[in-house]
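Accompanying notes for the structure given below.
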Amino acid sequence: MKETMEETMEEDILALLKENVIQGRRTKDDEGVDGDMVGTPAVLELTQLMVESDIAPEIIIKQGLTAGMQVVGDKFATKEYFIPDMLASAEAVGAAMDILKPILEAADIETKGRFVIATAKGDIHDIGKNIVAILLKGAGYEVKDLGIDVSPEKIVKVVREYKPDFLGISALLTTTMVAMGKTIEALKENGLRDKVKVLVGGAAVSEEYAQEIEADAYCVDGFHAIKVLEDFQKVKT
Amino acid sequence: MAREGILVHSPYERMTEEQIKQIHHASVQILNDPGMISFNCEAAEIFSANGAEVTSITSADNPCWLVRIPEKLILQAINSAPKIVKLGARNRDNSLFLNGEEPRVFFVSGSETNIWLDVDFPTYVKKSDPGTEILVPEFHKRRGTVLDLCQAAHLCEHLESLDAFIRSVNIQDKDIIEDNKDVNKFFASLNNTTKHVMAGLTSLEQLDNVVNMAKLIVGGGEEELKENPIISFITCLVKSPLQFVDDTSQTLMEICRRGLPVVVSSAPQAGSTAPMTEDGIMAQINAEVLAGITLSQLVNEGTPVLYGSVPVRARLDTLNDSYGAPETSQYNIDCVQMARFYKLPCYATAGVCDTKIPGQQTSIERLFSDILVTLSGPQYLHCAYGLLDCNSTFCLLQAVLDDAHFQMIKFFLRPPRISEDEVAESLKQIRAVVATPQKLYIRYIRPLMRSGKLSMPYPFEGDGETDNVFALAHERMKQLLAQPVEHIDPATTKKIFEEIPGILSRLNVYEERRKQ
Ligand code: B12
């Protein structure tokens with residue numbers, strides 16, 4: 001009897017968590033799309049509660065966070081949701097992942113992977129890069145953002161020391177796009193090219209250019225990046 | 001002689017005087033708190049030396065300073081910036097006088113698009129009736145080249161409504177690199193139009209080469225170029241919100257030191273890099289432009305600047321700029337009013353559309369902002385001739401279509417011809433016609449018909465029920481490109497190629513002709 005009660009409670013909280021992801025509510029102070037939800041527990045509080053109740057992080061991620069993001073993605077595809085909605089949900093999931101990360105690590109459960117992202121040398125555009133970073137974090141990747149105007153040398157250093165699985169570079173200018181190719185060259189010279197998958201994006205870049213510099217993928221936007229990364233995972237497993 | 005543009009007699013205004021003052025005060029407060037973050041050391045030092053409160057907020061590998069600009073400095077700059085800015089031209093008749101106190105609009109092309117859109121007209125056959133054939137435009141994208149830029153300048157030379165040329169194509173040839181990009185884009189533009197040429201600078205090292213080229217063309221030194229500044233620059237020195245970018249700020253300062261006209265621009269996007277509310281984005285962009293103008297005047301008091309505004313609203317599905325949104329026009333008109341409040345000539349933006357190819361949505365979005373922003377009376381209107389896809393694509397055919405729109409807008413803005421004489425004349429006419437059996441005014445049209453006082457039919461109107469706009473505009477485009485342009489003379493060209501490094505030999509029209 002007790003067990004089933006706990007189970008229903010667990011199910012209820014998971015459903016609530018999913019709903020809050022859909023509402024894009026990070027903390028209890030957020031109002032959500034439907035308006036008046038201020039004060040009720042949101043993704044952060046619910047995740048905390050579930051961790052305290054010893055609910056397994058995989059379940060929280062799968063049935064709560066990912067399930068919620070799936071709905072958000074569908075709503076975006078049908079134009080019911082827009083980018084600000086996506087970002088709110090992704091940020092909420094990102095906050096939950098911050099809570100879950102130490103537990104996953106302690107239990108030796110792998111995250112989806114480490115993703116280093118940067119805007120190319122000489123370029124200061126970062127709106128797109130920031131969106132991609134938030135979305136990827138929301139999709140369960142560990143994201144390290146190196147900022148704007150990042151030199152190939154610095155990227156090489158970070159790849160060597162932090163050992164990311166993926167590297168994303170953004171360039172909006174045709175003059176700074178060249179730095180992407182230089183970065184890939186530098187990775188090769190330092191024997192690091194096969195250690196990391198390189199994704200490139202930004203208004204200046206094209207599929208052809210990505211092939212020319214031998215990047216692993218060109219992404220039109222953040223959602224495309226999530227899909228590309230999933231395909232990489234499939235190949236891996 | 002100079003170009004006339006079109007004077008807007010009673011400019012359209014959105015904000016009341018009270019609201020303008022509220023925005024001004026909000027901007028002054030913003031520049032004090034939070035102030036501007038400067039990633040440029042010299043700019044921070046200049047502000048500090050002139051009494052601004054500057055503190056280092058440098059993080060690990062990112063040197064930057066918080067600059068709190070006192071109101072006094074801002075007001076001084078507004079005062080010392082010239083109220084009339086002259087933009088010269090290779091053909092002096094194409095010079096422009098931008099007067100901050102007079103809502104006289106000049107129409108200008110613009111932006112640096114990566115994509116060039118070619119068009120052709122394959123024939124389509126109707127399936128159910130193979131005898132019926134139509135021409136359907138097909139658009140093909142490719143990356144822009146320096147010869148495309150020559151063509152763009154060439155066409156713009158012949159577009160009647162277009163008053164000045166901002167380079168509209170990003171030149172991406174294999175042999176164009178950072179070190180020769182500026183000289184080539186300026187030469188390609190200057191050599192193919194006799195109108196004023198404005199562009200952004202890719203590399204500060206190239207500034208003097210570009211300036212020296214301009215001096216050779218005006219046939220003189222610094223003074224001659226200042227007297228006839230055939231070139232000017234646009235710098236996007238601010239990254240919203242409220243940050244001075246390191247390299248573009250340096251570029252601005254160097255241009256100001258040379259006393260050449262420059263647009264001090266900021267391009268916040270409501271929703272992402274500025275508040276989504278009208279008062280919010282206005283307070284912020286106005287603060288950003290004033291901060292830039294203050295810097296320009298501290299570097300060189302009295303140097304000519306334009307109040308440069310490129311405010312846009314964010315698209316909600318991609319967070320790209322949405323120029324088609326009505327809010328974008330609202331913000332632009334507000335900026336025109338702010339510039340007029342300061343009596344500074346204004347660079348405003350209109351006509352950019354969200355659509356990727358010419359078509360109905362394109363025309364609707366473009367005309368909407370073209371008309372509205374023009375009515376507010378900006379002096380220098382970047383109205384995006386030929387641009388599509390939020391500034392990413394340039395299409396010659398679209399530029400020809402746009403020219404027709406602007407001719408209509410210019411016509412519309414002619415002042416009403418109502419005077420005692422005219423009214424007396426009309427009374428005579430009315431009495432005369434009423435006295436005739438047919439009671440028709442038709443015979444009075446004839447003297448007007450060829451006087452230029454009547455607007456002409458839309459130039460790309462098809463026959464009967466066909467819509468042939470694109471095909472007809474394409475014909476017009478070919479005609480215009482077949483008209484010659486007056487290139488820079490052979491002797492000067494020779495000098496330029498000898499003295500200015502990096503210009504591609506294929507741009508030398510005389511050598512190319514000799515080879516053929
Ligand atoms: C906003 C903007 C600015 C802002 C930047 C603010 C900021 N915080 O980033 C400001 C005003 C500061 C600016 C400055 C300049 N800009 Co600007 N800018 C733009 C603009 C209008 C929109 C860019 C944007 O943010 N889009 C919205 C975001 C969401 O889209 P996005 O960046 O493309 O990112 C999406 C995808 O591409 C993808 N993606 C992007 N990166 C990555 C990376 C990875 C790994 C992945 C997976 C995916 C991915 O996912 C993102 C999300 O969906 C573009 C126009 C355009 N068509 O792109 C011009 C544009 C890029 N700028 C241009 C220019 C010329 C400049 C300046 C040089 C202007 C000047 N003369 O001073 C300076 C550059 C200074 C420098 N050194 O970088 C030109 C570039 C042309 C060229 N030469 O290649 C453009 C194309 C405009 C134009 N046609 O003239 N700019």
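Each chain in the structure tokens gets a letter, A, B, ..., in the order shown, and its residues are numbered from 1; ligands are numbered from 1 in order too.
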
Notebook entry, point to check: So which bits of range 11-183 of chain A end up alpha helix (DSSP H) when you DSSP the backbone, as JSON, numbers by chain?
Noted result: {"A": [11, 12, 13, 14, 15, 16, 17, 18, 19, 20, 21, 22, 23, 43, 44, 45, 46, 47, 48, 49, 50, 51, 52, 57, 58, 59, 67, 68, 69, 70, 71, 72, 73, 74, 75, 76, 77, 83, 84, 85, 86, 87, 88, 89, 90, 91, 92, 93, 94, 95, 96, 97, 98, 99, 100, 101, 102, 103, 104, 105, 106, 127, 128, 129, 130, 131, 132, 133, 134, 135, 136, 137, 138, 152, 153, 154, 155, 156, 157, 158, 159, 160, 161, 162, 174, 175, 176, 177, 178, 179, 180, 181, 182, 183]}

Item checked: Per-residue DSSP, range 48-225 of chain A, filtered to strand (DSSP E), as a count of residues only -> 23

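Interface residues on chain B toward chain A (cut-off 9 Å, only C-alpha atoms): Asn114, Asn170, Gln172, Ile177, Glu178, Thr202, Lys239, Val245, Asp247, Ser272, Thr273, Arg315, Leu316, Asp317, Thr318, Leu319, Asn320 and Ser392 of chain B.
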
Check: Near Ser109 in chain B, counting only C-alpha atoms, which residues have an atom at most 8 Å away, once you skip same-chain residues fewer than 5 positions from it, shown as a ChimeraX atom specification?
Finding: /B:156,162,164-168,382-386

Next item on the list: For CA of Arg414 in chain B and CA of Cys353 in chain B, determine how far apart the two atoms are, in Å to one decimal place.
Entry: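 Between CA of Arg414 in chain B and CA of Cys353 in chain B the gap is 26.4 Å.
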
Notebook entry, point to check: Any idea what the distance is between CA of Thr123 in chain B and CA of His154 in chain B?
Noted result: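 Atom-to-atom, CA of Thr123 in chain B and CA of His154 in chain B are spaced 28.8 Å apart.
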
Check: When you draw a straight line from CA of Glu71 in chain B to CA of Lys21 in chain B, how long is it in Å?
Finding: 14.0 Å
